[in-house]
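Text of the file upload_3.txt, holding compact mmCIF, C-alpha atoms:
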```txt
# COMPACT_ATOMS: atom_id res chain seq x y z
CA MET A 24 102.28 41.87 34.96
CA GLU A 25 103.02 45.05 33.08
CA VAL A 26 100.06 47.27 32.25
CA TYR A 27 99.63 50.23 29.94
CA GLU A 28 100.13 53.62 31.59
CA PHE A 29 100.06 57.02 29.90
CA ASP A 30 101.68 60.31 30.89
CA LYS A 31 99.70 63.12 29.27
CA CYS A 32 99.75 66.87 29.74
CA LEU A 33 96.81 69.13 30.52
CA LEU A 34 96.23 70.09 26.89
CA ASP A 35 96.23 66.43 25.82
CA ARG A 36 93.61 65.58 28.44
CA LEU A 37 91.49 68.57 27.53
CA GLU A 38 91.66 67.76 23.82
CA GLU A 39 90.74 64.11 24.46
CA SER A 40 87.67 64.93 26.52
CA MET A 41 86.58 67.70 24.17
CA GLY A 42 86.84 65.24 21.30
CA VAL A 43 84.35 62.97 23.04
CA LEU A 44 81.93 65.55 24.41
CA SER A 45 82.02 68.49 21.99
CA TRP A 46 82.29 67.06 18.51
CA LYS A 47 78.66 67.91 17.68
CA ASP A 48 79.11 71.53 18.74
CA GLU A 49 75.92 71.17 20.75
CA VAL A 50 74.93 71.74 24.37
CA ILE A 51 75.86 68.64 26.39
CA PRO A 52 73.96 68.46 29.71
CA ALA A 53 75.17 66.26 32.56
CA SER A 54 72.60 63.55 31.78
CA GLN A 55 74.05 63.08 28.28
CA VAL A 56 77.73 62.79 29.24
CA ARG A 57 77.65 59.04 29.89
CA SER A 58 75.90 58.40 26.56
CA GLU A 59 78.57 60.34 24.67
CA TRP A 60 81.30 58.25 26.30
CA SER A 61 79.45 55.02 25.49
CA TYR A 62 79.25 56.01 21.80
CA TYR A 63 82.96 56.78 21.80
CA ILE A 64 84.21 53.56 23.42
CA GLU A 65 81.99 51.45 21.17
CA LEU A 66 84.05 52.73 18.23
CA GLN A 67 87.45 52.46 19.93
CA ILE A 68 87.57 49.51 22.30
CA GLU A 69 87.83 45.78 21.64
CA PRO A 70 84.42 44.26 22.49
CA ALA A 71 85.78 41.09 24.14
CA GLY A 72 88.77 38.83 24.74
CA TRP A 73 91.37 41.23 26.14
CA GLN A 74 93.20 40.56 29.39
CA ALA A 75 93.55 43.04 32.22
CA LEU A 76 94.12 43.60 35.91
CA TRP A 77 91.05 44.49 37.94
CA LYS A 78 91.85 46.81 40.84
CA ILE A 79 88.86 46.06 43.03
CA PRO A 80 87.35 49.25 44.54
CA ARG A 81 87.26 49.62 48.31
CA VAL A 82 83.48 49.40 48.58
CA ILE A 83 83.43 46.07 46.71
CA CYS A 84 86.26 44.72 48.86
CA GLU A 85 84.14 45.56 51.90
CA GLU A 86 81.12 43.81 50.41
CA LEU A 87 83.19 40.72 49.55
CA GLY A 88 84.93 40.72 52.92
CA ILE A 89 88.46 40.92 51.50
CA ARG A 90 91.32 43.29 52.23
CA TYR A 91 91.82 46.50 50.29
CA PRO A 92 93.63 46.94 47.96
CA THR A 93 93.18 43.67 46.09
CA VAL A 94 94.17 43.15 42.44
CA VAL A 95 93.12 40.18 40.28
CA PHE A 96 93.97 39.10 36.74
CA GLY A 97 91.50 37.96 34.12
CA TYR A 98 89.91 38.72 30.79
CA VAL A 99 86.93 40.65 29.46
CA GLU A 100 84.18 38.34 28.28
CA GLN A 101 81.99 41.19 27.06
CA VAL A 102 81.96 44.99 27.12
CA ILE A 103 78.62 46.53 28.10
CA PHE A 104 79.00 49.78 26.17
CA LYS A 105 75.80 51.45 27.36
CA ASP A 106 76.77 51.16 31.03
CA LEU A 107 80.55 51.65 30.55
CA LYS A 108 81.03 48.26 32.18
CA ALA A 109 82.39 44.83 31.31
CA ILE A 110 81.78 41.20 32.22
CA PHE A 111 85.13 40.20 33.74
CA ILE A 112 86.28 36.61 34.27
CA ILE A 113 88.86 36.14 37.04
CA GLN A 114 91.78 33.84 36.18
CA GLU A 115 94.32 34.59 38.93
CA VAL A 116 94.10 36.22 42.35
CA GLN A 117 96.76 38.16 44.21
CA ASP A 118 96.39 36.12 47.39
CA GLU A 119 95.70 32.38 47.41
CA ASP A 120 93.63 32.78 50.58
CA ILE A 121 91.12 34.97 48.71
CA HIS A 122 88.24 33.09 47.10
CA LEU A 123 86.04 35.07 44.73
CA PRO A 124 83.27 34.26 42.26
CA GLU A 125 84.63 33.75 38.76
CA LYS A 126 82.40 36.24 36.91
CA HIS A 127 81.89 39.92 37.81
CA GLU A 128 80.32 43.00 36.29
CA VAL A 129 82.92 45.75 36.67
CA PHE A 130 83.41 49.36 35.62
CA LEU A 131 85.77 49.78 32.68
CA GLU A 132 87.80 52.46 34.48
CA ASP A 133 88.77 49.87 37.11
CA LEU A 134 90.45 47.68 34.46
CA TRP A 135 94.11 48.02 33.45
CA PRO A 136 94.87 46.21 30.15
CA THR A 137 98.10 44.21 30.24
CA LYS A 138 100.77 44.56 27.57
CA GLU A 139 101.02 40.81 27.07
CA GLN A 140 97.90 39.32 25.49
CA GLU A 141 97.13 35.75 24.48
CA ASN A 142 95.38 37.06 21.37
CA SER A 143 97.96 39.05 19.41
CA GLU A 144 95.35 40.12 16.85
CA LEU A 145 93.71 42.51 19.30
CA ASN A 146 94.37 46.23 19.01
CA ILE A 147 95.23 46.37 22.69
CA GLU A 148 97.10 49.70 22.56
CA ARG A 149 94.06 51.54 21.25
CA THR A 150 91.87 49.75 23.80
CA ALA A 151 94.23 50.66 26.65
CA ASP A 152 94.36 54.30 25.53
CA CYS A 153 90.56 54.45 25.36
CA VAL A 154 90.22 52.97 28.85
CA ASP A 155 92.83 55.45 30.09
CA ARG A 156 90.82 58.39 28.73
CA LEU A 157 87.67 57.05 30.33
CA ARG A 158 89.45 56.42 33.64
CA PHE A 159 90.94 59.90 33.78
CA PHE A 160 87.57 61.49 33.12
CA TYR A 161 85.58 59.53 35.69
CA THR A 162 88.36 59.64 38.29
CA HIS A 163 89.44 63.28 38.07
CA VAL A 164 86.81 65.25 36.12
CA TRP A 165 83.36 63.81 36.77
CA MET A 166 82.10 64.39 40.31
CA PRO A 167 79.54 62.27 42.21
CA TRP A 168 77.06 65.16 42.32
CA ASP A 169 77.17 65.86 38.57
CA ASN A 170 74.26 63.49 37.98
CA ASP A 171 72.13 65.89 40.02
CA ASN A 172 72.96 68.89 37.82
CA ASP A 173 70.27 70.83 35.98
CA ASP A 174 69.98 69.69 32.35
CA ASP A 175 69.41 73.28 31.27
CA LEU A 176 73.12 73.91 31.87
CA ASN A 177 75.89 73.08 29.42
CA TRP A 178 77.98 70.77 31.59
CA VAL A 179 80.95 70.76 29.20
CA GLU A 180 81.16 74.53 29.00
CA LYS A 181 80.72 75.02 32.73
CA HIS A 182 82.94 72.28 34.17
CA LEU A 183 85.20 70.42 31.75
CA GLU A 184 88.18 72.75 31.41
CA SER A 185 88.05 74.07 34.98
CA ARG A 186 87.98 70.53 36.42
CA ILE A 187 90.95 69.38 34.33
CA ARG A 188 92.93 72.47 35.32
CA PHE A 189 92.00 71.83 38.95
CA CYS A 190 93.35 68.28 38.62
CA TYR A 191 96.66 69.49 37.18
CA ASP A 192 96.95 72.21 39.82
CA LEU A 193 96.99 69.38 42.35
CA ARG A 194 99.66 67.53 40.38
CA LYS A 195 101.88 70.55 39.75
CA ARG A 196 101.94 71.41 43.45
CA THR A 197 100.71 74.94 42.92
CA MET A 198 98.85 74.56 46.22
CA LYS A 199 100.32 74.23 49.67
CA LYS A 200 100.90 70.61 50.68
CA THR A 201 98.35 70.85 53.46
CA LEU A 202 95.65 72.14 51.12
CA ALA A 203 96.50 69.60 48.39
CA ALA A 204 96.27 66.76 50.92
CA HIS A 205 92.95 68.15 52.15
CA VAL A 206 91.55 68.28 48.59
CA ARG A 207 92.70 64.75 47.76
CA LYS A 208 91.10 63.47 50.95
CA LEU A 209 87.79 65.12 50.06
CA LEU A 210 87.84 63.76 46.50
CA THR A 211 88.68 60.23 47.64
CA GLU A 212 85.96 60.36 50.27
CA SER A 213 83.38 61.64 47.78
CA LYS A 214 84.08 58.79 45.33
CA TYR A 215 83.78 56.22 48.11
CA LEU A 216 80.55 57.76 49.44
CA GLN A 217 79.06 57.76 45.95
CA GLN A 218 79.82 54.05 45.55
CA ARG A 219 78.27 53.34 48.94
CA ARG A 220 75.22 55.39 47.98
CA GLU A 221 74.80 53.43 44.75
CA TYR A 222 74.90 50.14 46.65
CA LEU A 223 72.30 51.33 49.14
CA GLU A 224 70.04 52.77 46.45
CA LEU A 225 70.28 49.53 44.49
CA GLY A 226 67.70 48.07 46.87
CA LEU A 227 65.18 50.69 45.76
CA THR A 228 65.43 50.18 42.01
CA ASP A 229 63.31 47.01 41.93
CA GLU A 230 60.30 48.77 43.43
CA GLU A 231 59.05 51.85 41.64
CA GLU A 232 56.52 52.61 44.35
CA GLY A 233 56.41 52.25 48.09
CA ASP A 234 58.07 53.70 51.13
CA PRO A 235 61.89 53.32 51.08
CA GLU A 236 61.72 52.20 54.71
CA GLU A 237 59.69 49.18 53.57
CA THR A 238 62.35 48.24 51.03
CA MET A 239 65.38 49.01 53.17
CA GLY A 240 66.01 48.66 56.87
CA LYS A 241 65.98 51.66 59.16
CA THR A 242 69.76 51.55 59.45
CA GLU A 243 70.21 51.63 55.68
CA VAL A 244 67.84 54.59 55.32
CA THR A 245 69.73 56.49 58.01
CA ASP A 246 73.06 55.68 56.35
CA LEU A 247 71.73 56.85 53.00
CA MET A 248 70.65 60.18 54.47
CA ARG A 249 74.07 60.63 56.06
CA LEU A 250 75.77 59.92 52.73
CA HIS A 251 73.64 62.52 50.96
CA LEU A 252 74.37 65.13 53.61
CA ARG A 253 78.11 64.47 53.63
CA LEU A 254 78.29 64.55 49.83
CA ALA A 255 76.47 67.89 49.85
CA MET A 256 79.05 69.28 52.29
CA ILE A 257 81.96 68.03 50.18
CA ARG A 258 80.37 69.41 47.03
CA ASN A 259 80.13 72.92 48.49
CA GLU A 260 83.78 72.89 49.50
CA ILE A 261 85.14 71.39 46.26
CA GLU A 262 83.16 73.80 44.07
CA LEU A 263 84.64 76.66 46.07
CA LEU A 264 88.18 75.26 45.70
CA GLU A 265 87.83 74.82 41.93
CA ASN A 266 87.92 78.62 41.66
CA PRO A 267 91.62 79.65 41.88
CA GLU A 268 90.87 82.98 43.57
CA MET A 269 88.53 81.47 46.15
CA ARG A 270 91.07 78.69 46.68
CA ARG A 271 93.75 81.25 47.53
CA ILE A 272 91.50 82.90 50.11
CA PHE A 273 90.48 79.53 51.57
CA GLN A 274 94.13 78.52 51.81
CA GLU A 275 95.09 81.67 53.68
CA ILE A 276 92.26 81.21 56.17
CA LYS A 277 92.42 77.46 56.81
CA PHE A 278 96.15 76.89 56.24
CA PRO A 279 97.93 80.14 57.17
CA GLU A 280 101.59 80.60 56.30
CA GLU A 281 102.78 81.02 59.89
CA LYS A 282 103.15 77.72 61.73
CA TYR A 283 103.41 77.86 65.46
CA PHE A 284 104.35 74.23 65.96
CA ASN A 285 106.29 71.88 63.74
CA GLU A 286 105.53 68.20 63.07
CA ASN A 287 107.31 67.12 66.27
CA GLY A 288 105.07 69.32 68.36
CA HIS A 289 107.84 71.77 69.26
CA ASN A 290 107.50 75.48 68.86
CA ASP A 291 108.75 76.76 65.53
CA ILE A 292 110.44 79.91 66.87
CA SER A 293 113.60 80.78 64.99
CA SER A 294 114.54 84.19 66.34
CA GLU A 295 113.49 87.00 68.62
CA LYS A 296 113.41 89.33 65.63
CA LYS A 297 110.73 87.22 63.96
CA LEU A 298 108.38 87.10 66.94
CA GLY A 299 109.26 90.20 68.95
CA ARG A 300 110.01 90.20 72.64
CA ILE A 301 109.06 87.11 74.63
CA TYR A 302 107.26 87.42 77.94
CA PHE A 303 106.74 84.68 80.48
CA VAL A 304 103.54 85.23 82.45
CA MET A 305 103.47 83.42 85.77
CA THR A 306 100.89 84.08 88.42
CA GLN A 307 101.38 83.16 92.04
CA CYS A 308 102.06 79.42 92.47
CA THR A 309 104.28 77.02 94.41
CA LEU A 310 108.01 76.73 93.77
CA ASP A 311 107.65 73.24 92.28
CA GLN A 312 104.99 74.53 89.87
CA GLN A 313 107.23 77.42 88.84
CA ILE A 314 110.16 75.06 88.18
CA HIS A 315 107.91 72.77 86.14
CA LEU A 316 106.65 75.64 83.97
CA LEU A 317 110.17 77.01 83.47
CA GLN A 318 111.37 73.58 82.32
CA ILE A 319 108.58 73.44 79.73
CA ALA A 320 109.35 76.98 78.54
CA LYS A 321 113.06 76.16 78.27
CA LYS A 322 112.31 73.44 75.71
CA ARG A 323 110.26 75.80 73.54
CA ILE A 324 112.16 79.09 73.68
CA PRO A 325 115.46 79.60 71.79
CA LYS A 326 118.51 79.69 74.04
CA ASP A 327 119.56 83.17 72.91
CA ALA A 328 116.08 84.71 73.28
CA LEU A 329 115.53 87.52 75.78
CA VAL A 330 112.73 86.58 78.17
CA GLN A 331 111.01 88.85 80.66
CA ASN A 332 108.89 87.58 83.55
CA VAL A 333 105.65 89.50 84.11
CA PRO A 334 102.89 88.95 86.69
CA THR A 335 99.82 89.75 84.52
CA LEU A 336 98.68 89.97 80.89
CA GLN A 337 97.74 93.63 81.01
CA VAL A 338 101.28 94.91 80.44
CA VAL A 339 102.14 92.52 77.64
CA TYR A 340 102.37 93.10 73.89
CA GLY A 341 103.34 90.46 71.34
CA ILE A 342 104.21 86.88 72.25
CA LEU A 343 103.77 85.40 75.69
CA TYR A 344 103.73 82.02 77.37
CA VAL A 345 101.04 80.86 79.73
CA SER A 346 101.72 77.44 81.24
CA ALA A 347 102.72 75.03 78.48
CA PHE A 348 100.87 76.74 75.64
CA ARG A 349 101.64 79.60 73.30
CA HIS A 350 99.16 82.42 72.72
CA ILE A 351 99.07 85.90 71.17
CA PHE A 352 97.48 88.77 73.06
CA LYS A 353 97.27 92.52 72.67
CA SER A 354 97.24 94.77 75.69
CA THR A 355 94.07 96.76 76.34
CA THR A 356 95.80 99.33 78.54
CA GLN A 357 96.22 102.88 77.29
```
Show me this structure written as structure tokens.
Amino acid sequence: MEVYEFDKCLLDRLEESMGVLSWKDEVIPASQVRSEWSYYIELQIEPAGWQALWKIPRVICEELGIRYPTVVFGYVEQVIFKDLKAIFIIQEVQDEDIHLPEKHEVFLEDLWPTKEQENSELNIERTADCVDRLRFFYTHVWMPWDNDNDDDLNWVEKHLESRIRFCYDLRKRTMKKTLAAHVRKLLTESKYLQQRREYLELGLTDEEEGDPEETMGKTEVTDLMRLHLRLAMIRNEIELLENPEMRRIFQEIKFPEEKYFNENGHNDISSEKKLGRIYFVMTQCTLDQQIHLLQIAKKRIPKDALVQNVPTLQVVYGILYVSAFRHIFKSTTQ
């Protein structure tokens, strides 16, 4: 089934979100962001009857005991504007072996409206565009820790533009591949941890008072603490990486330009000129051990490289080989 997808530039995304969150020209704290989105979608989205694919989140797949990813087809019985959710009725499943309850309460950003609709009177294009704006915001801009922000701060002014630019920096490949992959991994993990945290905290909402350990088992309490700690660690790193200058420094430290080994595990030495003279340090050992070490070195050193055998490290500058590993040392002799 074909769904609506939109390819929008950075300025389009920024203008869309600003239109939702800044139209009053007032300070918008983090606690008010969800309300502003609910007001917006209530004016734009069809309240019921439209068909869509539901891409079930990983945490729900785990709770239901089904494989991830799983996609199902159905229709929206009712949109819950205040919570940015919908009552979704499943009509078809991806796998016949999967048996799910018919009715679910789902987040709107997890729904993908289909181009073909049974009810042709619906304004499905506007609905799909509205859901796309909401999905982009809560997938790429809003972070799990934003709910904990101080309401004295203007969330829109502090985070909106920088987060969208950060998202497009990832897409435009302005970062090294290793750093971009690291960032995506952290963001994916943070979203998953937040969903897990919400499920665990759900057991506490029915009791306003009392010890959490009485409401939840000891294992759940421990898991909840671990989730909070891990999210705090991810938050510190992501907030650092959102700053382009700090990101550049982080990249140079954690993912330096020089790579000593390639993906196959072999040494990435291209020439003697690049690395300087190569020394092979071999202390006293048996003949078989010497042959074994020389065979390892032969695989890692270019055929045309000039290699000098030395008995100790004290006379060596530059690159040297010790057993099967590569190290860099500087001589301490005068």
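Every protein or nucleic acid residue with an atom no more than 12 Å from Tyr222 of chain A, counting only C-alpha atoms and leaving out same-chain residues fewer than 6 positions away, appears here: Val82, Ile83, Glu85, Glu86, Tyr215, Leu216, Thr228, Met239, Glu243, Asp246, Leu247 and Leu250 of chain A.
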What does the file look like for those residues with C-alpha atoms, as a short mmCIF file (atom, residue, chain, number, x, y, z; two decimals), in the frame of the given file?
```
data_model
loop_
_atom_site.label_atom_id
_atom_site.label_comp_id
_atom_site.auth_asym_id
_atom_site.auth_seq_id
_atom_site.Cartn_x
_atom_site.Cartn_y
_atom_site.Cartn_z
CA VAL A 82 83.48 49.40 48.58
CA ILE A 83 83.43 46.07 46.71
CA GLU A 85 84.14 45.56 51.90
CA GLU A 86 81.12 43.81 50.41
CA TYR A 215 83.78 56.22 48.11
CA LEU A 216 80.55 57.76 49.44
CA THR A 228 65.43 50.18 42.01
CA MET A 239 65.38 49.01 53.17
CA GLU A 243 70.21 51.63 55.68
CA ASP A 246 73.06 55.68 56.35
CA LEU A 247 71.73 56.85 53.00
CA LEU A 250 75.77 59.92 52.73
#
```
Worksheet entry | Pick from A:Thr197, A:Thr306, A:Gln274, A:Asn172 nearest to Ala53 of chain A, counting only C-alpha atoms |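 That would be A:Asn172, the residue with the smallest distance to Ala53 of chain A.
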Can you pull out the residues contacting Phe29 of chain A? Cut-off 10 Å, using all atoms listed in the file, and skip same-chain residues under 3 positions away; I want them as a PyMOL selection string. chain A and resi 32+151-152+155-156
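Among the candidate residues A:Arg90, A:His315, A:Lys78, A:His163, the one lying nearest to Leu131 of chain A is A:Lys78, with distances computed using all atoms listed in the file.
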### Task
Could you pull out every residue with an atom within 6 Å of (89.4, 35.7, 33.0), file coordinates, counting all atoms listed in the file, and send them as a ChimeraX atom specification?
/A:97-98,112-114
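Distance annotation: of A:Glu65, A:Glu260, A:Glu268, A:Asp30, the residue with the minimal separation from Leu209 of chain A is A:Glu260; atom set is only C-alpha atoms.
Excluding Val56 of chain A itself and same-chain residues fewer than 5 positions from it, the residues having an atom within 10 Å of it are Val43, Leu44, Ile51, Ser61, Trp165, Asp169, Asn170, Trp178 and Val179 of chain A, counting all atoms listed in the file.
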